[in-house]
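K.L.:
Okay, so here is entry-v5.txt, and as you'll see once you scroll down, it has compact mmCIF, C-alpha atoms.
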```
# COMPACT_ATOMS: atom_id res chain seq x y z
CA VAL I 1 20.32 -9.69 5.64
CA GLN I 2 17.88 -12.52 5.05
CA LEU I 3 14.20 -12.72 5.90
CA GLN I 4 12.53 -16.00 6.82
CA ALA I 5 8.75 -16.07 6.77
CA SER I 6 6.48 -18.76 8.14
CA GLY I 7 2.91 -19.39 9.18
CA GLY I 8 1.04 -19.69 5.92
CA GLY I 9 -1.36 -22.48 5.18
CA LEU I 10 -4.83 -23.54 4.19
CA VAL I 11 -7.75 -22.33 6.26
CA GLN I 12 -11.50 -22.08 5.88
CA ALA I 13 -13.21 -18.73 5.56
CA GLY I 14 -13.61 -17.16 8.98
CA GLY I 15 -10.49 -18.82 10.28
CA SER I 16 -7.22 -17.34 11.48
CA LEU I 17 -3.53 -17.55 10.70
CA ARG I 18 -0.47 -15.87 12.14
CA LEU I 19 2.49 -15.06 9.93
CA SER I 20 5.97 -14.44 11.26
CA CYS I 21 9.05 -13.04 9.56
CA THR I 22 12.47 -12.88 11.16
CA ALA I 23 15.48 -11.01 9.86
CA SER I 24 18.91 -12.48 10.26
CA GLY I 25 22.17 -10.64 10.14
CA SER I 26 23.55 -7.61 11.94
CA GLY I 27 24.89 -4.16 11.33
CA PHE I 28 21.63 -2.50 10.40
CA THR I 29 18.83 -0.52 12.03
CA ILE I 30 15.26 -1.58 11.41
CA ASN I 31 13.07 1.16 9.96
CA VAL I 32 9.87 -0.20 8.43
CA MET I 33 8.68 -3.79 8.38
CA GLY I 34 5.67 -4.91 6.45
CA TRP I 35 3.63 -7.53 4.71
CA TYR I 36 2.61 -7.62 1.08
CA ARG I 37 0.61 -10.14 -0.88
CA GLN I 38 0.18 -11.21 -4.45
CA ALA I 39 -2.93 -12.99 -5.60
CA PRO I 40 -2.90 -15.05 -8.82
CA GLY I 41 -2.99 -12.77 -11.82
CA LYS I 42 -2.72 -9.62 -9.73
CA GLN I 43 0.01 -7.22 -8.77
CA ARG I 44 1.68 -7.35 -5.40
CA GLU I 45 -0.07 -5.07 -2.91
CA GLU I 46 0.83 -3.67 0.46
CA VAL I 47 -1.21 -5.27 3.23
CA ALA I 48 0.21 -3.81 6.43
CA ILE I 49 3.31 -1.96 7.52
CA ILE I 50 4.70 -0.83 10.84
CA GLY I 51 7.10 2.03 11.04
CA TYR I 52 10.03 2.95 13.20
CA GLY I 53 7.76 4.47 15.83
CA GLY I 54 5.52 1.42 15.88
CA ARG I 55 2.57 3.01 14.13
CA PRO I 56 0.72 0.49 11.94
CA ASP I 57 -0.97 1.12 8.63
CA TYR I 58 -3.31 -1.21 6.76
CA VAL I 59 -4.91 -1.54 3.38
CA ASP I 60 -8.62 -0.85 3.74
CA SER I 61 -9.65 -4.40 2.90
CA VAL I 62 -7.99 -5.85 6.02
CA LYS I 63 -8.72 -3.15 8.58
CA GLY I 64 -10.39 -4.61 11.64
CA ARG I 65 -9.31 -8.15 10.72
CA PHE I 66 -5.51 -8.08 10.52
CA THR I 67 -3.04 -6.86 13.13
CA ILE I 68 0.62 -6.20 12.46
CA SER I 69 3.12 -6.14 15.32
CA ARG I 70 6.82 -6.46 15.73
CA ASP I 71 9.51 -7.40 18.23
CA VAL I 72 12.50 -5.23 17.42
CA ALA I 73 14.82 -7.19 19.71
CA LYS I 74 13.95 -10.38 17.86
CA LYS I 75 13.98 -8.60 14.48
CA THR I 76 10.60 -10.15 13.85
CA VAL I 77 7.35 -8.88 12.41
CA TYR I 78 4.03 -10.65 12.82
CA LEU I 79 0.73 -10.54 11.01
CA GLN I 80 -2.28 -11.87 12.87
CA MET I 81 -5.03 -12.53 10.36
CA ASN I 82 -8.54 -13.13 11.66
CA ASN I 83 -11.85 -13.65 9.90
CA LEU I 84 -10.04 -14.62 6.75
CA LYS I 85 -11.86 -14.38 3.45
CA PRO I 86 -11.25 -16.19 0.14
CA GLU I 87 -10.04 -12.90 -1.34
CA ASP I 88 -7.18 -12.93 1.16
CA THR I 89 -5.69 -15.85 -0.73
CA GLY I 90 -2.25 -15.23 -2.13
CA VAL I 91 1.46 -15.39 -1.51
CA TYR I 92 2.44 -13.20 1.41
CA TYR I 93 5.85 -11.55 1.44
CA CYS I 94 7.56 -9.70 4.25
CA ARG I 95 9.70 -6.66 3.60
CA LEU I 96 12.29 -4.94 5.70
CA ALA I 97 13.52 -1.39 5.16
CA THR I 98 16.64 -0.45 7.06
CA ILE I 99 18.61 2.65 7.82
CA ASN I 100 22.32 2.70 8.52
CA PRO I 101 22.63 1.49 5.83
CA THR I 102 19.59 2.44 3.77
CA ALA I 103 18.32 -0.69 2.04
CA HIS I 104 15.32 -2.93 1.69
CA TYR I 105 14.94 -6.68 1.60
CA TRP I 106 12.22 -9.14 0.66
CA GLY I 107 11.57 -12.50 2.19
CA GLU I 108 10.49 -15.57 0.31
CA GLY I 109 6.74 -15.75 0.16
CA THR I 110 4.47 -17.92 2.21
CA GLN I 111 1.25 -19.21 0.69
CA VAL I 112 -2.08 -18.38 2.33
CA THR I 113 -5.13 -20.13 0.94
CA VAL I 114 -8.61 -19.42 2.25
CA SER I 115 -11.34 -21.79 1.13
CA SER I 116 -14.98 -20.77 0.97
```
Just give me the structure as structure tokens.
P.N.:
Amino acid sequence: VQLQASGGGLVQAGGSLRLSCTASGSGFTINVMGWYRQAPGKQREEVAIIGYGGRPDYVDSVKGRFTISRDVAKKTVYLQMNNLKPEDTGVYYCRLATINPTAHYWGEGTQVTVSS
């Protein structure tokens, strides 16, 4: 299984970006998909996840601004980021947790830079 993320870039504060992450491969069942980020000098943190039933969960700092969604048929998870702030800057990673078999995978990060 490989994850390919895209959609990062440079944007001014208040702007928007949409991240996408698609899983390739077969023979697995998608359980949880999510987005994490790592700012310079900080630990990686969970930003948003969406579970098997489609229920999303967000870190408090992005609630009301970010929306996670997924297309199970396309094995793709999205992160719509609105009203971006400089503190949203970092490398964003997607993660996939599967069942049958039980495993998890990380995608290569995509850089998001928000200028003030």
K.L.:
Neighbourhood query: residues within 8 Å of (7.5, -14.2, 14.2), file coordinates, counting all atoms listed in the file; return as a list in words.
P.N.:
Ala5, Ser6, Leu19, Ser20, Cys21, Thr22, Arg70, Thr76, Val77 and Tyr78 of chain I
K.L.:
Any idea what's packed within 10 Å of I:Gly90, counting only C-alpha atoms, ignoring anything in its chain fewer than 6 positions away? Could you give it as a PyMOL selection string?
P.N.:
chain I and resi 8+36-40+42+44+109-114
K.L.:
Find the residues around I:Glu46 up to 10 Å (only C-alpha atoms counted), leave out those fewer than 2 positions away in its own chain, and share them as an MDAnalysis selection string.
P.N.:
chainID I and resid 34:38 43:44 48:49 57:59 92:95
K.L.:
Given the choices I:Val11, I:Leu17, I:Ala73, I:Met81, which gets closest to I:Val47 if the distance is worked out from all atoms listed in the file?
P.N.:
I:Met81
K.L.:
Give the answer as one residue: which of I:Leu79, I:Pro56, I:Gln2, I:Lys63 has the shortest atom-to-atom distance to I:Arg18, using only C-alpha atoms?
P.N.:
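The answer is I:Leu79, which sits nearest to I:Arg18.
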